[in-house]
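Shown next: protein_26.tsv, given as TSV, C-alpha atoms.
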```tsv
chain	number	residue	atom	x	y	z
A	1	MET	CA	215.73	-22.44	172.29
A	2	ASN	CA	216.27	-24.94	175.11
A	3	HIS	CA	217.29	-22.30	177.65
A	4	LEU	CA	214.24	-20.23	176.72
A	5	SER	CA	211.91	-23.19	177.23
A	6	ARG	CA	213.45	-23.76	180.67
A	7	TYR	CA	212.79	-20.09	181.47
A	8	LEU	CA	209.20	-20.43	180.35
A	9	THR	CA	208.49	-23.55	182.39
A	10	TYR	CA	210.10	-22.04	185.47
A	11	SER	CA	208.33	-18.71	185.07
A	12	LEU	CA	204.97	-20.40	184.69
A	13	SER	CA	205.47	-22.47	187.84
A	14	PHE	CA	206.85	-19.39	189.64
A	15	PHE	CA	203.77	-17.32	188.80
A	16	ARG	CA	201.43	-20.11	189.85
A	17	ARG	CA	203.15	-20.21	193.26
A	18	THR	CA	203.16	-16.42	193.73
A	19	ALA	CA	199.46	-15.84	193.09
A	20	LEU	CA	197.46	-14.70	196.08
A	21	ALA	CA	195.10	-16.99	197.95
A	22	PRO	CA	191.54	-17.54	196.71
A	23	PRO	CA	188.99	-14.76	197.27
A	24	GLU	CA	187.12	-16.57	200.04
A	25	ALA	CA	190.32	-16.75	202.11
A	26	HIS	CA	190.82	-12.98	202.23
A	27	GLY	CA	187.27	-11.81	201.58
A	28	HIS	CA	188.22	-9.79	198.49
A	29	GLN	CA	188.81	-10.24	194.80
A	30	MET	CA	191.57	-12.57	193.69
A	31	GLN	CA	194.58	-10.86	192.15
A	32	TRP	CA	197.10	-12.53	189.85
A	33	ILE	CA	200.53	-11.28	188.94
A	34	ARG	CA	200.51	-9.96	185.40
A	35	GLY	CA	202.16	-12.16	182.82
A	36	ILE	CA	203.60	-11.47	179.41
A	37	ARG	CA	201.44	-12.36	176.46
A	38	VAL	CA	202.67	-12.88	172.92
A	39	LYS	CA	200.52	-13.54	169.89
A	40	VAL	CA	201.67	-16.13	167.36
A	41	PHE	CA	200.98	-15.04	163.79
A	42	ASN	CA	200.96	-17.47	160.83
A	43	ASP	CA	202.23	-20.34	163.01
A	44	ASN	CA	205.57	-18.54	163.33
A	45	LEU	CA	206.64	-19.82	166.73
A	46	GLU	CA	210.27	-18.73	166.40
A	47	GLN	CA	209.30	-15.10	165.93
A	48	ALA	CA	206.90	-15.29	168.88
A	49	LEU	CA	209.65	-16.75	171.08
A	50	ASN	CA	212.04	-13.98	170.04
A	51	ILE	CA	209.42	-11.36	170.93
A	52	LEU	CA	208.77	-13.12	174.24
A	53	GLU	CA	212.48	-13.17	175.07
A	54	ARG	CA	212.77	-9.44	174.25
A	55	LYS	CA	209.75	-8.63	176.45
A	56	MET	CA	211.14	-10.72	179.31
A	57	LYS	CA	214.48	-8.90	179.16
A	58	SER	CA	212.87	-5.47	179.04
A	59	SER	CA	210.50	-6.20	181.93
A	60	GLY	CA	213.23	-7.55	184.19
A	61	MET	CA	211.59	-10.95	184.50
A	62	GLU	CA	214.73	-12.64	183.21
A	63	ARG	CA	216.78	-11.23	186.10
A	64	LEU	CA	214.10	-12.36	188.55
A	65	ILE	CA	214.15	-15.89	187.18
A	66	LYS	CA	217.95	-16.03	187.13
A	67	ARG	CA	218.04	-14.93	190.76
A	68	HIS	CA	215.77	-17.83	191.76
A	69	THR	CA	217.48	-20.54	189.73
A	70	VAL	CA	220.19	-22.58	191.40
A	71	HIS	CA	223.22	-23.27	189.25
A	72	HIS	CA	226.92	-23.86	189.66
A	73	ILE	CA	229.01	-20.73	190.20
A	74	LYS	CA	232.64	-20.89	189.16
A	75	ASN	CA	235.27	-20.11	191.78
A	76	SER	CA	236.40	-17.04	189.84
A	77	GLU	CA	232.82	-15.71	189.88
A	78	LYS	CA	232.59	-16.41	193.61
A	79	ARG	CA	235.78	-14.42	194.20
A	80	VAL	CA	234.49	-11.49	192.14
A	81	LEU	CA	231.15	-11.49	193.98
A	82	ALA	CA	232.87	-11.77	197.37
A	83	ARG	CA	235.16	-8.83	196.53
A	84	LYS	CA	232.21	-6.70	195.42
A	85	ASN	CA	230.27	-7.54	198.58
A	86	LEU	CA	233.32	-6.73	200.70
A	87	GLU	CA	233.75	-3.36	198.98
A	88	LEU	CA	230.07	-2.55	199.53
A	89	ARG	CA	230.27	-3.52	203.19
A	90	ILE	CA	233.42	-1.46	203.76
A	91	ARG	CA	231.89	1.54	202.01
A	92	SER	CA	228.71	1.34	204.11
A	93	GLU	CA	230.73	0.93	207.33
A	94	GLU	CA	232.80	4.01	206.45
A	95	LEU	CA	229.65	5.98	205.73
A	96	SER	CA	228.04	4.93	209.01
A	97	ARG	CA	231.23	5.88	210.88
A	98	LYS	CA	231.21	9.33	209.27
A	99	LEU	CA	227.52	9.85	210.02
A	100	ARG	CA	228.02	8.75	213.63
A	101	ALA	CA	230.85	11.27	214.03
A	102	ILE	CA	228.68	14.04	212.55
A	103	LEU	CA	225.80	13.21	214.91
A	104	VAL	CA	228.08	13.14	217.95
A	105	LYS	CA	229.47	16.58	217.05
A	106	LYS	CA	225.94	17.90	216.54
A	107	ILE	CA	224.73	16.52	219.87
A	108	ARG	CA	227.73	17.89	221.76
A	109	GLY	CA	227.26	21.27	220.07
A	110	LEU	CA	230.71	21.45	218.51
```

The structure given in the file should be rewritten as structure tokens.
Amino acid sequence: MNHLSRYLTYSLSFFRRTALAPPEAHGHQMQWIRGIRVKVFNDNLEQALNILERKMKSSGMERLIKRHTVHHIKNSEKRVLARKNLELRIRSEELSRKLRAILVKKIRGL
């Protein structure tokens, strides 16, 4: 429950910061980022929080919030992320090398 309340407080502050400027600044109607709404029936807050958590996961908001939160990353996780990034970079460099070779052959008419 505690981690969900942290998500909620962060997401609310995040959405307040990401709203567009007031209408008079741009000369058009103010637009807000859509939020997730959950109705609480029969004062059952636990059920409403479970529904909210499910909706957040399905909409991808949880990933967005996790990306913006700063937390400690273990050294093993850093190594895994570094290896994945290295593999991606190597793969893209190989692809660009192959494409460059294809373009050179095409230009030279070979």

| Could you pull the residues within 8 Å of Ile36 (chain A), counting all atoms listed in the file, minus those fewer than 4 positions along the same chain, as a PyMOL selection string? | chain A and resi 52+55-56

| task | Find the distance between CA of Glu62 (chain A) and CA of Glu77 (chain A) and write it in Å to one decimal. | result | 19.5 Å

| task | Mind giving me the straight-line distance from CA of Lys98 (chain A) to CA of Leu81 (chain A) in Å, one decimal? | result | 25.8 Å

| CA of His72 (chain A) and CA of Asn50 (chain A), how far apart in Å? | 26.5 Å
